[in-house]
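Worksheet: the structure to be examined is printed underneath.
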Amino acid sequence: MPTVTLKSVCKTFGEGELAVNALTDVDLEINAGGFICLSGPSGSGKTTLLNMVGGLDRPSSGEITVIDKRVDLMDKGKLAEMRLHSIGFVFQAYNLIPVLTARENVEFVIQLQGMSADMRHRKASDILNEVGLDGLEERKPAELSGGQQQRVAVARALVSEPALILADEPTANLDSVTAQTLMDLLRHLNDDRGITFLIATHDKLVMSHARRLLQMQDGQIINDIQQR
Amino acid sequence: MIASSLSLLGTLGWRNLWRHPRRTLIILFAITLGVWFMVISAAMMIGLIEQQLNDTIFNLTGHAQIHHPKFRDDPAVEHSMPLPNKKLLETLDGGEVTQWSARVRLPAIVMSERESRGVTLVGIDPTREIGLSFIGNPVVEGRSLESVEDNGIVIGQRMAEKLETRIGKRIVIMLQDKTSEVADRGFRIVGLFKAELEATETAYVFTGLSTAQTLVGMANEISEISLVTRSREKLDPLVARLRKATPQFESLSWQELEPLVVTAMAVYENFIFIWYLIIFVAMAFGLTNTMLMAVFERTREIGLLQALGMRPRFIVGQVMLESLILLFLGVLLGNLIGWLTTDIILRDGVDLSAFARGTEQFKIGSTMYFIWRLEDLLTIDVLVIVLGLLASLYPAVKAARYVPVEAIAGN
């Protein structure tokens, strides 16, 4: 059973003459454990597709199913519930809550899920250690570098062990060494835990880590390439 | 799960407030000031009501009175009543009544060598007036009346000025006796009393009960019985017993005797509520504005919270919680400063003697006291918190209605 299914998904922004088709009849299936990159020029629809899958925006038409649930039919509350329990997000920027420490940011999702404080602390410590932020747990985002912040965001996306992680340009603000480290980490987590990754990127380094590369242009998937 | 989420919202709310300490402190100051002003206004208003009521009760009214049924319409000598019978005495001395006194009260004319004025001559038993009315207090000049047979007269300070007379001088009281003939008699002024209101000082002159009775030929008759009880609030059962004991006479509570005071109290109570709302509306604009600014500033962050799975109701909760913290702190500080102001700084009241003529018009004494009641404080606190939360509802709902993808993009 695929983790994500899109059937004839269209998304149009604006109306009338100003209407822009961000996605046009997109059909897609993503199986569990996939490590998929969406590539393409700016405006090709990568982020829009990611947002549709994550329930952050609604399609103009078509069906989106994530882990057997029709995302396009859910209300705001149900969508939030699904994101809380099934999807992890890593954004390009504005990733972390500035008033919370690195540990608290990581604990955020599992605290919303209702996990006990002891368990939360243990899981957050483990995952921060895993992403190489041991010793930086009590720092606020402003006290961390861009790469460290991105790793906190990855840790937060992973800590609840979601079935699917959606990442939008996760390496955009990172230097090449940090970007390489981060991608190694994501790929390792994919191999190790079987988490499905869907990553929108321009970055060739990111694309080189993908098992499946989807090339987009003008709101359509024009190439679906299986890699290693 | 709810406890865990609330703890998270609490942490976020508290820290978010201190992201802009100056803004938070300004709105906190505004709420504190508003609550303080409400507390002070309520304490002042209650103080005024209480003072007006006490003055009324202490100004010969008492908590209840018994009269001839026609006495209030026409306080003439023929509308008198006998001294209390055994049945009435059982009620009056039954323990519930803390003090009572029989009086003669007659319209009269008082004349000095230079002036004459209309007045009410009150014949009293001085020992029974202690704790019942202002005339039971020591006079400010000369001596108080000493017994029912005392044939001296005590007049108000202001009356002495109007009559251009003084202690030791004689004045003449002229009135209608029981046979409808004019009776008059000279009295020597033995004391001058001072009352909260100048009008009282010019309205009454006092002599011994027997002296007044003899003057008009009332023998053992009286005009009224006035009494005070342990509580002025629960008078109905007592008044009912008085009516049963003396069905031929009129037994009335102070509320029935002084309907104007009761109306004034109701007007004050309503006015203070309107006053609360006016202060609150000014405060609410500040609060709504602050929370709206906070929501607009954190659009991206709110989008992020939504993306991470925070349900819309928790977004509403988060904004409301920030307001609640602000309101709670403001209410706490406002109450504290209000208490300090009324109970410590203005404990002895505010001296208004410089405005005595003006305050007299409103039947207010020369000292204004501040009295706060727990129920008023709770009303203010609940009003501010509940209406404050309602004022925050708009920014909170606005935040919850953000479309996550647009909010993250900062739109």
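Going through the structure tokens in order, the chains are called A, B, and so on, while each chain numbers its residues from 1 and the ligands are numbered from 1 in the order shown.
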Practice problem: For chain B, work out the contacting residues on chain A at 9 Å, counting only C-alpha atoms, and write them as a ChimeraX atom specification. | Solution: /A:51,54-57,76-85,87-89,94-100,108-109,111-117,157
Practice problem: Identify, on the basis of only C-alpha atoms, every residue whose closest approach to segment 96-103 of chain B does not exceed 7 Å; exclude the query and any residue fewer than 3 positions from it along the same chain; express the result as a PyMOL selection string. | Solution: chain B and resi 92-93+122-125+128-129+132+209+222-230
Exercise. Do a neighbour search on Asn335 of chain B at 9 Å with only C-alpha atoms, toss out local chain neighbours closer than 3 positions, and write the hits as a list of chain:residue names.
Key: B:Thr32, B:Val35, B:Trp36, B:Val39, B:Gly330, B:Val331, B:Leu332, B:Gly338, B:Trp339, B:Leu340, B:Leu377, B:Asp381
Practice problem: Based on DSSP run over this structure's backbone, return all residues of segment 235-277 of chain B in helix (DSSP H, G or I), as a ChimeraX atom specification. | Solution: /B:236-245,254-257,259-277
Quiz item: Where in segment 105-298 of chain B does DSSP assign strand (DSSP E), given as a ChimeraX atom specification?
Solution: /B:105-111,116-124,141-142,153-156,170-176,182-193,204-208,221-222,224-229,250-253
What would the file look like if the residues just selected were written as an mmCIF file, in the first residue's frame with C-alpha atoms?
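Result file is again-v8.cif:
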```cif
data_model
loop_
_atom_site.group_PDB
_atom_site.id
_atom_site.type_symbol
_atom_site.label_atom_id
_atom_site.label_comp_id
_atom_site.auth_asym_id
_atom_site.auth_seq_id
_atom_site.Cartn_x
_atom_site.Cartn_y
_atom_site.Cartn_z
ATOM 1 C CA ARG B 105 -41.225 65.008 67.534
ATOM 2 C CA LEU B 106 -43.089 68.188 66.800
ATOM 3 C CA PRO B 107 -42.971 70.937 64.209
ATOM 4 C CA ALA B 108 -42.181 74.225 65.920
ATOM 5 C CA ILE B 109 -40.800 77.701 65.511
ATOM 6 C CA VAL B 110 -37.634 78.685 67.324
ATOM 7 C CA MET B 111 -36.965 82.326 68.069
ATOM 8 C CA SER B 116 -36.797 82.928 64.007
ATOM 9 C CA ARG B 117 -36.857 79.692 62.055
ATOM 10 C CA GLY B 118 -38.960 76.624 61.484
ATOM 11 C CA VAL B 119 -37.592 73.571 63.248
ATOM 12 C CA THR B 120 -38.500 70.149 64.620
ATOM 13 C CA LEU B 121 -38.491 69.956 68.383
ATOM 14 C CA VAL B 122 -37.437 66.486 69.472
ATOM 15 C CA GLY B 123 -38.044 65.327 72.998
ATOM 16 C CA ILE B 124 -35.657 62.518 73.864
ATOM 17 C CA GLU B 141 -19.928 72.706 73.109
ATOM 18 C CA GLY B 142 -21.726 72.939 76.459
ATOM 19 C CA ILE B 153 -32.264 72.741 74.937
ATOM 20 C CA VAL B 154 -29.512 71.498 72.629
ATOM 21 C CA ILE B 155 -29.325 73.067 69.195
ATOM 22 C CA GLY B 156 -27.023 72.669 66.180
ATOM 23 C CA ARG B 170 -32.522 81.764 75.990
ATOM 24 C CA ILE B 171 -34.579 80.941 72.948
ATOM 25 C CA VAL B 172 -38.334 80.528 72.609
ATOM 26 C CA ILE B 173 -40.025 77.494 71.129
ATOM 27 C CA MET B 174 -43.524 78.000 69.822
ATOM 28 C CA LEU B 175 -45.771 75.141 68.672
ATOM 29 C CA GLN B 176 -49.300 73.805 68.703
ATOM 30 C CA VAL B 182 -50.361 77.795 70.625
ATOM 31 C CA ALA B 183 -47.923 76.788 73.301
ATOM 32 C CA ASP B 184 -44.608 78.477 73.841
ATOM 33 C CA ARG B 185 -41.812 78.311 76.256
ATOM 34 C CA GLY B 186 -38.384 79.742 76.802
ATOM 35 C CA PHE B 187 -35.458 77.331 76.886
ATOM 36 C CA ARG B 188 -31.868 77.972 77.870
ATOM 37 C CA ILE B 189 -29.349 76.678 75.398
ATOM 38 C CA VAL B 190 -27.209 74.123 77.241
ATOM 39 C CA GLY B 191 -25.303 72.537 74.358
ATOM 40 C CA LEU B 192 -24.442 72.746 70.698
ATOM 41 C CA PHE B 193 -24.303 69.605 68.600
ATOM 42 C CA TYR B 204 -33.636 69.773 64.868
ATOM 43 C CA VAL B 205 -33.529 71.094 68.408
ATOM 44 C CA PHE B 206 -33.573 68.681 71.373
ATOM 45 C CA THR B 207 -34.953 68.735 74.865
ATOM 46 C CA GLY B 208 -35.956 66.155 77.470
ATOM 47 C CA GLU B 221 -47.823 59.932 74.649
ATOM 48 C CA ILE B 222 -45.006 59.880 72.141
ATOM 49 C CA GLU B 224 -42.366 57.634 67.497
ATOM 50 C CA ILE B 225 -40.261 54.726 68.569
ATOM 51 C CA SER B 226 -36.959 54.367 66.738
ATOM 52 C CA LEU B 227 -34.739 51.313 66.992
ATOM 53 C CA VAL B 228 -31.571 49.750 65.689
ATOM 54 C CA THR B 229 -30.795 46.050 65.320
ATOM 55 C CA GLU B 250 -47.335 51.806 61.475
ATOM 56 C CA SER B 251 -44.070 49.839 61.722
ATOM 57 C CA LEU B 252 -41.657 50.629 58.934
ATOM 58 C CA SER B 253 -38.119 49.630 58.038
#
```
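Look at segment 274-279 of chain B: the protein and nucleic acid residues within 8 Å of it, using only C-alpha atoms and passing over chain neighbours fewer than 3 places away, are Gly34, Met38, Asn270, Phe271, Ala282, Met283 and Ile380 of chain B.
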Self-check item: Test item: residues at most 12 Å from Ile46 of chain B, only C-alpha atoms, excluding those fewer than 3 positions along its chain, as a ChimeraX atom specification
Solution: /B:38-43,49-54,264-272,342,368-377
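All residues of protein, DNA or RNA that reach within 7 Å of segment 11-14 of chain A, judged by only C-alpha atoms and not counting those fewer than 3 positions away in the chain, are A:Leu18, A:Ala19, A:Val20, A:Asn21, A:Ala22, A:Leu23, A:Thr24, A:Pro59, A:Ser60, A:Ser61.
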Write the residues of the preceding selection, restricted to C-alpha atoms, as a tab-separated table (two decimals), in the first residue's frame.
```tsv
chain	number	residue	atom	x	y	z
A	18	LEU	CA	-4.75	36.07	-13.23
A	19	ALA	CA	-5.11	32.32	-12.58
A	20	VAL	CA	-1.87	30.40	-12.34
A	21	ASN	CA	-1.84	26.62	-12.53
A	22	ALA	CA	0.69	25.52	-9.95
A	23	LEU	CA	-0.13	21.82	-10.35
A	24	THR	CA	-1.79	20.23	-13.37
A	59	PRO	CA	-5.95	21.09	-3.97
A	60	SER	CA	-8.32	22.80	-6.42
A	61	SER	CA	-9.29	19.34	-7.63
```
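If you measure from each of A:Ile64, A:Val154, A:Leu38, A:Leu50 to Asp25 of chain A using only C-alpha atoms, the closest one turns out to be A:Ile64.
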Quiz item: What lies within 12 Å of Pro170 of chain A using only C-alpha atoms, ignoring chain neighbours under 4 positions off, as an NGL selection string?
Solution: :A and (37 or 47 or 89-95 or 146-147 or 149-154 or 157 or 165-166 or 174-175 or 178-183 or 186 or 197-203 or 205-207)
Atoms kept (N, CA and C atoms) for selection, written as a tab-separated table (two decimals), in the first residue's frame:
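For reference, again.tsv as written:
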```tsv
chain	number	residue	atom	x	y	z
A	37	CYS	N	13.14	12.72	-4.17
A	37	CYS	CA	13.42	14.15	-4.34
A	37	CYS	C	12.54	14.71	-5.44
A	47	THR	N	7.14	22.90	-4.15
A	47	THR	CA	6.67	23.25	-2.80
A	47	THR	C	5.16	23.11	-2.70
A	89	PHE	N	7.84	17.74	9.40
A	89	PHE	CA	8.19	18.78	8.42
A	89	PHE	C	9.59	19.34	8.69
A	90	VAL	N	10.32	19.58	7.62
A	90	VAL	CA	11.57	20.35	7.73
A	90	VAL	C	11.48	21.46	6.68
A	91	PHE	N	11.44	22.68	7.16
A	91	PHE	CA	11.32	23.80	6.23
A	91	PHE	C	12.69	24.43	5.97
A	92	GLN	N	12.68	25.23	4.92
A	92	GLN	CA	13.93	25.91	4.56
A	92	GLN	C	14.31	26.95	5.62
A	93	ALA	N	13.33	27.69	6.10
A	93	ALA	CA	13.60	28.74	7.09
A	93	ALA	C	12.41	28.84	8.05
A	94	TYR	N	12.58	29.63	9.04
A	94	TYR	CA	11.55	29.79	10.09
A	94	TYR	C	11.12	28.44	10.64
A	95	ASN	N	12.13	27.66	10.90
A	95	ASN	CA	11.92	26.28	11.27
A	95	ASN	C	11.58	26.07	12.73
A	146	GLY	N	23.03	28.19	11.53
A	146	GLY	CA	22.01	27.74	10.59
A	146	GLY	C	21.96	26.23	10.48
A	147	GLY	N	23.13	25.60	10.41
A	147	GLY	CA	23.20	24.15	10.29
A	147	GLY	C	22.67	23.47	11.54
A	149	GLN	N	20.53	24.73	13.62
A	149	GLN	CA	19.06	24.94	13.66
A	149	GLN	C	18.36	23.92	12.76
A	150	GLN	N	18.96	23.69	11.59
A	150	GLN	CA	18.34	22.75	10.66
A	150	GLN	C	18.36	21.34	11.25
A	151	ARG	N	19.42	21.04	11.97
A	151	ARG	CA	19.50	19.70	12.58
A	151	ARG	C	18.48	19.56	13.72
A	152	VAL	N	18.25	20.67	14.42
A	152	VAL	CA	17.19	20.63	15.46
A	152	VAL	C	15.85	20.36	14.77
A	153	ALA	N	15.64	21.03	13.64
A	153	ALA	CA	14.37	20.84	12.91
A	153	ALA	C	14.22	19.39	12.45
A	154	VAL	N	15.34	18.80	12.00
A	154	VAL	CA	15.29	17.39	11.59
A	154	VAL	C	14.99	16.52	12.81
A	157	ALA	N	11.42	16.70	13.54
A	157	ALA	CA	10.61	15.95	12.58
A	157	ALA	C	10.69	14.45	12.84
A	165	ILE	N	8.24	12.13	6.18
A	165	ILE	CA	8.85	13.43	6.46
A	165	ILE	C	8.90	14.23	5.17
A	166	LEU	N	8.38	15.44	5.23
A	166	LEU	CA	8.38	16.33	4.08
A	166	LEU	C	9.40	17.43	4.34
A	174	LEU	N	22.51	26.06	4.12
A	174	LEU	CA	23.66	25.40	4.76
A	174	LEU	C	24.88	25.41	3.85
A	175	ASP	N	26.05	25.39	4.47
A	175	ASP	CA	27.27	25.26	3.67
A	175	ASP	C	27.37	23.81	3.19
A	178	THR	N	28.04	21.04	5.88
A	178	THR	CA	26.88	20.80	6.76
A	178	THR	C	25.76	20.11	5.96
A	179	ALA	N	25.58	20.55	4.72
A	179	ALA	CA	24.54	19.96	3.87
A	179	ALA	C	24.82	18.47	3.66
A	180	GLN	N	26.09	18.12	3.42
A	180	GLN	CA	26.47	16.72	3.22
A	180	GLN	C	26.17	15.92	4.50
A	181	THR	N	26.52	16.48	5.64
A	181	THR	CA	26.29	15.80	6.92
A	181	THR	C	24.80	15.57	7.13
A	182	LEU	N	24.02	16.61	6.82
A	182	LEU	CA	22.57	16.51	7.03
A	182	LEU	C	21.97	15.44	6.12
A	183	MET	N	22.39	15.42	4.85
A	183	MET	CA	21.83	14.45	3.91
A	183	MET	C	22.24	13.03	4.28
A	186	LEU	N	19.89	12.08	6.99
A	186	LEU	CA	18.54	11.75	6.52
A	186	LEU	C	18.52	10.39	5.84
A	197	PHE	N	10.78	9.71	2.95
A	197	PHE	CA	11.16	11.13	2.81
A	197	PHE	C	10.70	11.65	1.45
A	198	LEU	N	10.09	12.83	1.46
A	198	LEU	CA	9.77	13.53	0.22
A	198	LEU	C	10.39	14.91	0.33
A	199	ILE	N	11.38	15.15	-0.53
A	199	ILE	CA	12.18	16.38	-0.37
A	199	ILE	C	12.11	17.22	-1.64
A	200	ALA	N	11.73	18.49	-1.46
A	200	ALA	CA	11.77	19.41	-2.61
A	200	ALA	C	13.10	20.13	-2.57
A	201	THR	N	13.80	20.14	-3.69
A	201	THR	CA	15.14	20.74	-3.66
A	201	THR	C	15.62	21.20	-5.04
A	202	HIS	N	16.56	22.16	-4.99
A	202	HIS	CA	17.32	22.54	-6.17
A	202	HIS	C	18.72	21.94	-6.12
A	203	ASP	N	19.04	21.45	-4.93
A	203	ASP	CA	20.42	21.10	-4.60
A	203	ASP	C	20.80	19.74	-5.19
A	205	LEU	N	23.34	17.97	-4.54
A	205	LEU	CA	23.80	17.08	-3.48
A	205	LEU	C	22.62	16.27	-2.92
A	206	VAL	N	21.51	16.98	-2.70
A	206	VAL	CA	20.32	16.32	-2.17
A	206	VAL	C	19.82	15.29	-3.20
A	207	MET	N	19.78	15.73	-4.45
A	207	MET	CA	19.29	14.83	-5.52
A	207	MET	C	20.13	13.56	-5.61
```
Exercise. Could you check which of B:Val239, B:Gly168, B:His20, B:Glu258 is closest to Thr56 of chain B, using only C-alpha atoms?
Key: B:Glu258
